[in-house]
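*Asks:* Structure incoming, see below.
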Amino acid sequence: MAGLVVEEAEIESEVNLEGFTVQARLVYDNTHMTSVVGGLGQDMANQGFSSSRVTVSVPTYNVAASVDGGSYDCGSVYGDSAIIDYSSQMLAAFGGAKFGNEPYQTYGTYSIPCYNFSSVCGPPNGTQTWVSCATAGMIALPVTPGEPSIHDVHAQPCLIGGLSPNWGTCVPTDDTTAFAKNLYSDIWSLLTYHEQTADLAMIGETRSNQPGSTACEGHLQANATQNVNGYLDGTLYSSHGASVVMRPWENSRDLLYPPDCYLIPAPIGASYGPY
Amino acid sequence: MLSEDIMTRTKICTLFAGYAALAALAAGQQPGRISGVVVDQNGAPVVGALVLYHSIPDAAANGSGRFSASPPLVSSGLRTGADGSFTIPGLPEGKYSVCGYAATPGQLGTCEWGRYTPVVQAAAGGAVANVALQLAEGTLVTFRVSDPSGVIRDTASGPPVNGRMPLSGGNFRIGVMLGPYYARAEFASQSGVARTYTVAVPQNVSLVLIADTSLQVATAYGGAVPAREMGFSINVGGSSEQVVDLTVE
């Protein structure tokens with residue numbers, strides 16, 4: 001179709017390759033010896049679209065850090081921020097590195113998978129010996145398509161409540177601006193360190209600026225503002241803003257919260273992205 | 001295909017029942033402990049074997065109805081002592097995967113190639129003892145890769161920054177498949193144009209070589225190894241080592 005550009009073909013949403021390595025069969029199916037992404041990329045190319053825009057999206061970790069304003073951050077075994085460990089895992093699977101359960105994690109009280117510098121492997125030093133040690137038990141794909149040229153992160157930054165009974169539950173009254181700044185800057189660092197700076201960055205299913213003061217999926221309108229403010233404070237916007245799409249989550253298909261969320265996708269304007 | 005012998009070793013050791021999060025410790029529960037021993041195929045203790053353990057995540061529905069995994073809250077490893085024993089202290093109540101990996105090349109870990117993965121249930125304040133992790137005798141396959149033109153590139157460009165693991169780049173990866181199981185041969189050494197990559201595999205099996213590369217790969221007999229496809233088999237015997245020569249152009 002003349003003029004049509006496909007920026008992304010997202011074949012699965014919010015893949016967690018650390019917890020569920022079987023999801024890597026969306027990239028390469030080792031039971032049928034089929035390169036799924038490779039085949040779909042070829043299909044895209046056959047239609048005149050970019051073959052490298054076939055990808056999966058990933059979620060992010062949220063940090064349990066109400067005591068320090070959400071500014072805590074640390075490195076995963078990949079050397080990227082542990083907040084975006086799912087992104088590192090996805091790039092690893094696509095690019096031919098190890099992925100899966102990271103053997104030396106220390107979550108501490110922040111609930112993000114920091115690499116444990118005190119492990120038997122010691123601090124990261126970039127050597128093959130260290131990599132082999134620190135990735136013991138992790139797996140790789142037989143055939144890898146290479147990293148896609150779009151990086152889709154479903155980010156809904158929040159501060160989680162810490163330990164039980166609120167473990168894993170966002171606290172909507174906590175200001176997420178500082179954490180959002182960290183998260184988005186971490187994405188830019190990942191793209192920089194792994195030489196993916198030509199990629200588009202899709203921030204999919206991010207906070208919806210729902211009308212009124214009621215909650216959308218438990219999140220307040222203020223959280224959407226904090227999310228955008230954190231993004232604008234970070235290096236992803238300052239260094240890469242023209243190649244970032246902020247795509248707010250609209251919830252029209254979810255009947256659980258229809259009165260409180262936008263039912264129609266709402267463009268947020270050129271200031272925050274190219275679309 | 002895995003041998004019947006390996007498959008019959010499958011053991012799932014569920015010793016207790018229940019689940020709780022790390023919060024249990026904060027709530028005052030006493031930590032649990034798992035101890036055991038890593039032995040070789042003959043039952044002899046293995047000194048310096050790696051024991052990796054991690055809590056097994058539960059899948060739970062989030063607020064929007066999607067299922068996601070709660071992260072493994074414990075994930076770490078240690079090495080066995082002089083008597084092959086190990087003790088993992090300080091565990092919150094929950095289920096744990098505990099895997100033993102060889103201290104020497106060629107042995108197969110307990111969680112490799114479809115061998116059993118012990119799942120141990122640790123109870124608060126309890127001690128699970130006598131977890132036996134038995135390694136298996138395997139064959140260390142060494143790929144000797146000749147790269148006379150120096151076309152193999154390991155990373156995108158330059159050395160890792162701040163010790164970061166290279167996730168992209170590199171143009172040559174090889175591994176072997178056995179049924180649905182795959183293991184990548186790890187880079188082991190380089191001397192001039194010669195590189196070696198090694199992988200430990202079960203004995204007396206037929207493997208399929210996978211060359212994940214756009215480079216031209218040929219066997220010692222001149223036959224081409226198809227890129228990113230199955231098509232070149234390696235028959236592994238009962239010896240502890242086997243060498244496969246390849247040339248990259």
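Going by the structure tokens order, chains are called A, B, ..., each with residues numbered from 1, while ligands are numbered from 1 in the order shown.
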Counting only C-alpha atoms, a student should be able to say which residues of chain B come within 6 Å of chain A; what is the right answer, written as a list in words?
*Replies:*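 On the chain B side, the interface is Ala23, Ser75, Ser76, Pro160, Gly163, Arg164, Met165, Leu167, Ser168, Pro180, Asp212 and Arg228 of chain B.
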*Asks:* Residues near Asn171 of chain B, anyone? I mean within 7 Å using only C-alpha atoms, not counting same-chain ones fewer than 6 positions away, as a list in words.
*Replies:*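 Within the cut-off, the hits are Ile152, Arg153, Asp154, Thr213 and Ser214 of chain B.
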*Asks:* Suppose we keep C-alpha atoms; can you now write the selection as a short mmCIF file (atom, residue, chain, number, x, y, z; two decimals), in the first residue's frame?
*Replies:*
```
data_model
loop_
_atom_site.label_atom_id
_atom_site.label_comp_id
_atom_site.auth_asym_id
_atom_site.auth_seq_id
_atom_site.Cartn_x
_atom_site.Cartn_y
_atom_site.Cartn_z
CA ILE B 152 35.12 -13.76 13.13
CA ARG B 153 34.00 -10.79 15.17
CA ASP B 154 33.06 -11.34 18.81
CA THR B 213 26.36 -17.19 11.45
CA SER B 214 26.36 -15.65 8.04
#
```
*Asks:* Could you tell me how far atom CA of Gly109 of chain B lies from atom CA of Ala185 of chain B, in Å and to one decimal?
*Replies:* 15.2 Å
*Asks:* Within 8 Å of Thr176 of chain A, counting only C-alpha atoms, which residues show up once you throw out same-chain ones fewer than 2 positions away? Write them as a ChimeraX atom specification, please.
*Replies:* /A:69-70,157-159,174,178-180,223,226-227,230
*Asks:* Please indicate the distance in Å from atom CA of Ile34 of chain B to atom CA of Val201 of chain B, rounded to one decimal place.
*Replies:*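 It comes out at 28.5 Å.
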*Asks:* Contacts of Ile210 of chain B at 12 Å or less, counting only C-alpha atoms, minus same-chain residues fewer than 5 places along, as JSON, numbers by chain?
*Replies:* {"A": [30, 33, 141, 142, 143, 144], "B": [172, 173, 174, 175, 176, 177, 178, 181, 182, 183, 184, 185, 217, 225, 226, 227, 228, 229, 230, 231, 232, 233, 234]}
*Asks:* Could you please determine the separation between atom CA of Arg247 of chain A and atom CA of Asp58 of chain B in Å, to one decimal place?
*Replies:*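 For atom CA of Arg247 of chain A relative to atom CA of Asp58 of chain B, the distance reads 29.1 Å.
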*Asks:* Using backbone DSSP assignments, extract all strand (DSSP E or B) residues from segment 31-270 of chain A; output them as JSON, numbers by chain.
*Replies:* {"A": [34, 54, 55, 58, 59, 63, 75, 81, 99, 105, 106, 114, 115, 139, 150, 151, 152, 153, 154, 159, 160, 170, 200, 201, 202, 203, 204, 205, 206, 216, 219, 244, 245, 246, 247, 248]}
*Asks:* Show which residues sit within 7 Å of Val236 of chain B, as a list in words. Count only C-alpha atoms, and ignore same-chain residues fewer than 3 positions away.
*Replies:*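 Surrounding residues, per the criterion: Gln203, Asn204, Val205 and Ser206 of chain B.
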*Asks:* Residues at most 8 Å from Phe86 of chain B, counting only C-alpha atoms, excluding those fewer than 3 positions away in the same chain, as a ChimeraX atom specification?
*Replies:* /B:35-38,51,78-81
*Asks:* Could you write out that same residue set with C-alpha atoms as a tab-separated table (two decimals), in the first residue's frame?
*Replies:*
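The resulting selection18.tsv:
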```tsv
chain	number	residue	atom	x	y	z
B	35	SER	CA	21.90	-28.99	52.41
B	36	GLY	CA	23.20	-31.88	50.40
B	37	VAL	CA	26.06	-33.21	48.40
B	38	VAL	CA	27.20	-33.19	44.79
B	51	VAL	CA	25.40	-25.30	43.08
B	78	LEU	CA	27.96	-21.49	45.92
B	79	ARG	CA	30.63	-24.13	45.55
B	80	THR	CA	30.83	-27.42	47.33
B	81	GLY	CA	33.38	-27.98	50.05
```
